[in-house]
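Since the structure comes first, as structure tokens, the remarks are kept for the end.
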Amino acid sequence: HQTGKTRARWMAAGAVIGAAGSLAGFAPPALAQTTPTAGQVEEVVVTARRREERLQDAPVAVTAFSAEALADRGVESVAEISKFAPNIRFDGADQLSGGNYNATVFIRGVGQNDFAIFSDPGVGIYVDGVYFARSIGGMLDAFDVGRIEVLRGPQGTLFGKNTIGGAVVITSQAPGAELAGRLEGTVGSFKRRDLKGHLDLPITETLLARISGGSLNRDGYAHRLSDGQELGDRNADAGRVQLRWLASPDLTVDLSADYTRAREHSAPQTLIAVGNRPGFTGAPFMTNFNTFVAPSRGITAPNGQPTLNPSFITGDPYTTWGSGPNVNDLDLWGVSGTVNWDLGVVQAKSITAYRHLKARFARDGDNSPFTFRETQNWDKQRQFSQEFQFNGEGFDGRLTWVAGLYYFNEHGSD
């Protein structure tokens, strides 16, 4: 939230360290980009059909975002993708959870707003070919993004279950062949202090490495009147290490490890109505609470009554009378290995991945000092997946085919 306030950015670039990691960056569709050569247009490559092809050749409803387009517009949150791609809603804080990292994604009106560990998303999120099974942690700070594709409509044929609404496919920037890097810092309102960047380290001609990461920090922009605590702050660190082995002209091996750590307050929310009204199904419970429980709590509402009533409505989206636990912690990490092998008539790919998350987040559902409706979740989840993909052509290019095998195993608790 930066309305009416000054935002400043500083950048430093050099032969080895300069800056440009995009920690949470997404932006308007990049259907074509102009290269430095006048009149020349760079082609946008997508993998919407599990094979690399030009965007204009893919018979799929897909919007592609290039790294250059993301950087040019300075988009810094995965949720901002919904501002520029049609038919998608991407919220960074599920309304029911209080967690800033619990993604709520809908495409063409189809999705899932329940973050519960037993509720599968309706839109699949993939990072470098790895499926993120939970909406918890789905609002990751995706840094060093090379390309984003938004696939609209059911994608079950090529992407499997949990893609009835569509899929969001994120591809990271690959390690570079030259020693280079980029560093970027941002300062702004609410004591915002962001630092992010990457460094390419070619170890040998055939072994390349890339280190990227960042730190996002900002005070909360919402205020709890009951105890003076803040809501909606940022305090997250993320990093990724990548290795690329060019074993031969036909064989490439990519290894990746990433980690995200967040220690924040709950997502902001405020009270807009009190449900003790005629026809409201919860009215008897509210009446009993205000009759037999609330008066004994020693809490006085702004209107002087010892009850939960409409006077707790502040009329300001940035203030609330909420109380209770104020926490939003996340530890998310994973490792993956991808092997691409060109066998001539067949291109084979293997993707092996393991991911783990631990989260704790809380929400005061009644937004008052009363303990009327409060939730607090401790979630753990781990997953292992193994995928094999095979692509080929036949009959002088008149036939293209894709086949695959997929194994997935998941354990989760709430």
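Starting from 1 in every chain, residues are counted up; chains themselves are A, B, ... following the order of the structure tokens, and ligands are numbered from 1 as listed.
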Q: Would you return as number ranges by chain the members of range 72-284 of chain A that DSSP assigns to helix (DSSP H, G or I) on this structure's backbone?
A: A: 72-73, 78-83, 156-159, 283-284
(Q) Which residues are close to Ser350 in chain A, i.e. within 9 Å by only C-alpha atoms, leaving aside same-chain residues fewer than 3 positions away? Reply as a ChimeraX atom specification. (A) /A:337-341,386-389
Q.
With only C-alpha atoms as the counted atoms, please give the residues lying no more than 12 Å from Ala222 in chain A, apart from itself and same-chain residues fewer than 5 positions off, as a PyMOL selection string.
A. chain A and resi 1+190+228-233+265-270+316-322
Q: Just the residues within 7 Å of Phe106 in chain A, please, counting only C-alpha atoms, with nothing from its chain fewer than 5 positions along; format it as a PyMOL selection string.
A: chain A and resi 88-90+111-112+123+165
Q.
At a cut-off of 12 Å, using only C-alpha atoms, what residues contact Gly394 in chain A? Leave out same-chain residues fewer than 5 positions from it and give the result as an MDAnalysis selection string.
A. chainID A and resid 344:346 399:402
Set out as CSV a contact list for range 281-358 of chain A and range 136-153 of chain A with a cut-off of 10 Å, giving each residue of range 281-358 of chain A that qualifies its closest atom pair and distance in Å to one decimal, counting only C-alpha atoms, ordered by chain and rising residue number.
```
residue,atom,partner,partner_atom,distance
A:Leu330,CA,A:Gly137,CA,7.3
A:Asp331,CA,A:Gly137,CA,8.5
A:Leu332,CA,A:Gly137,CA,7.0
A:Trp333,CA,A:Gly137,CA,9.9
A:Leu357,CA,A:Gly137,CA,7.5
A:Lys358,CA,A:Gly137,CA,9.0
```
Residue subset to file, keeping all heavy atoms, as an mmCIF file, in the first residue's frame:
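After the write, part_24.cif holds the following:
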```
data_model
loop_
_atom_site.group_PDB
_atom_site.id
_atom_site.type_symbol
_atom_site.label_atom_id
_atom_site.label_comp_id
_atom_site.auth_asym_id
_atom_site.auth_seq_id
_atom_site.Cartn_x
_atom_site.Cartn_y
_atom_site.Cartn_z
ATOM 1 N N LEU A 330 6.015 -19.173 7.754
ATOM 2 C CA LEU A 330 6.124 -20.142 6.666
ATOM 3 C C LEU A 330 7.569 -20.561 6.484
ATOM 4 O O LEU A 330 8.471 -19.727 6.461
ATOM 5 C CB LEU A 330 5.605 -19.550 5.347
ATOM 6 C CG LEU A 330 5.791 -20.422 4.100
ATOM 7 C CD1 LEU A 330 4.856 -21.624 4.150
ATOM 8 C CD2 LEU A 330 5.549 -19.611 2.825
ATOM 9 N N ASP A 331 7.788 -21.869 6.371
ATOM 10 C CA ASP A 331 9.065 -22.442 5.951
ATOM 11 C C ASP A 331 8.772 -23.359 4.775
ATOM 12 O O ASP A 331 8.068 -24.370 4.925
ATOM 13 C CB ASP A 331 9.728 -23.221 7.084
ATOM 14 C CG ASP A 331 10.240 -22.302 8.181
ATOM 15 O OD1 ASP A 331 11.335 -21.744 8.018
ATOM 16 O OD2 ASP A 331 9.535 -22.142 9.199
ATOM 17 N N LEU A 332 9.304 -23.020 3.615
ATOM 18 C CA LEU A 332 9.014 -23.748 2.384
ATOM 19 C C LEU A 332 10.324 -24.010 1.652
ATOM 20 O O LEU A 332 11.087 -23.082 1.390
ATOM 21 C CB LEU A 332 8.072 -22.913 1.507
ATOM 22 C CG LEU A 332 7.695 -23.467 0.137
ATOM 23 C CD1 LEU A 332 6.767 -24.657 0.284
ATOM 24 C CD2 LEU A 332 7.027 -22.376 -0.704
ATOM 25 N N TRP A 333 10.587 -25.278 1.344
ATOM 26 C CA TRP A 333 11.816 -25.581 0.617
ATOM 27 C C TRP A 333 11.611 -26.791 -0.290
ATOM 28 O O TRP A 333 10.649 -27.550 -0.127
ATOM 29 C CB TRP A 333 12.992 -25.825 1.562
ATOM 30 C CG TRP A 333 12.840 -26.999 2.499
ATOM 31 C CD1 TRP A 333 12.276 -27.005 3.731
ATOM 32 C CD2 TRP A 333 13.279 -28.344 2.256
ATOM 33 N NE1 TRP A 333 12.322 -28.261 4.292
ATOM 34 C CE2 TRP A 333 12.943 -29.110 3.414
ATOM 35 C CE3 TRP A 333 13.931 -28.984 1.210
ATOM 36 C CZ2 TRP A 333 13.224 -30.469 3.520
ATOM 37 C CZ3 TRP A 333 14.211 -30.344 1.315
ATOM 38 C CH2 TRP A 333 13.865 -31.067 2.466
ATOM 39 N N LEU A 357 6.809 -28.215 3.401
ATOM 40 C CA LEU A 357 6.374 -26.935 3.946
ATOM 41 C C LEU A 357 5.917 -27.112 5.379
ATOM 42 O O LEU A 357 5.417 -28.166 5.776
ATOM 43 C CB LEU A 357 5.264 -26.304 3.104
ATOM 44 C CG LEU A 357 3.818 -26.811 3.174
ATOM 45 C CD1 LEU A 357 3.048 -26.248 4.369
ATOM 46 C CD2 LEU A 357 3.070 -26.438 1.895
ATOM 47 N N LYS A 358 6.102 -26.056 6.161
ATOM 48 C CA LYS A 358 5.586 -25.963 7.524
ATOM 49 C C LYS A 358 5.056 -24.551 7.698
ATOM 50 O O LYS A 358 5.766 -23.580 7.420
ATOM 51 C CB LYS A 358 6.675 -26.270 8.545
ATOM 52 C CG LYS A 358 6.161 -26.277 9.979
ATOM 53 C CD LYS A 358 7.196 -26.829 10.954
ATOM 54 C CE LYS A 358 8.354 -25.894 11.120
ATOM 55 N NZ LYS A 358 9.288 -26.322 12.199
#
```
Q | Contacts of Arg363 in chain A within 8 Å, only C-alpha atoms, excl. fewer than 2 positions in-chain, as a list in words | A | Leu96, Ser97, Gly98, Gly99, Ser266, Ala267, Gly324, Pro325, Asn326, Phe361, Gly365, Glu374, Thr375 and Gln376 of chain A
Q.
One decimal, in Å: what's the spacing between CA of His356 in chain A and CA of Asn100 in chain A?
A.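 Pair CA of His356 in chain A / CA of Asn100 in chain A returns 18.0 Å.
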Q. From the list A:Gln305, A:Asn367, A:Ser413, A:Thr352, which residue is nearest Val130 in chain A when using only C-alpha atoms?
A.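 Of the candidates, the smallest distance to Val130 in chain A is held by A:Thr352.
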Q: Give the answer as one residue: which of A:Gln381, A:Ala236, A:Ser336, A:Phe372 has the shortest atom-to-atom distance to Arg297 in chain A, using only C-alpha atoms?
A: A:Phe372
(Q) Considering only C-alpha atoms, can you say which of A:Ala294, A:Ala403, A:Ile351, A:Ala273 comes closest to Val253 in chain A? (A) A:Ile351
Q: Compare A:Glu52, A:Glu76, A:Asp342, A:Glu410 by their minimum atom-to-atom distance to Arg382 in chain A, counting only C-alpha atoms, and give me the closest one.
A: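 So, comparing all the options, the nearest one is A:Glu410.
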(Q) Here is a test: counting only C-alpha atoms, which residue of A:Ile299, A:Ile164, A:Ile272, A:Ile203 is nearest to Arg108 in chain A? (A) A:Ile164
Q | Å distance separating CA of Ala64 in chain A from CA of Gly197 in chain A, one decimal place | A |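 Going from CA of Ala64 in chain A over to CA of Gly197 in chain A covers 23.1 Å.
Atom pair CA of Phe118 in chain A / CA of Lys380 in chain A has a distance of 11.9 Å (rounded to one decimal).
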Q: Kindly indicate which residue among A:Ser135, A:Asn391, A:Val335, A:Arg360 lies nearest to Arg49 in chain A, using only C-alpha atoms for the distances.
A: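 Result for the nearest residue to Arg49 in chain A: A:Asn391.
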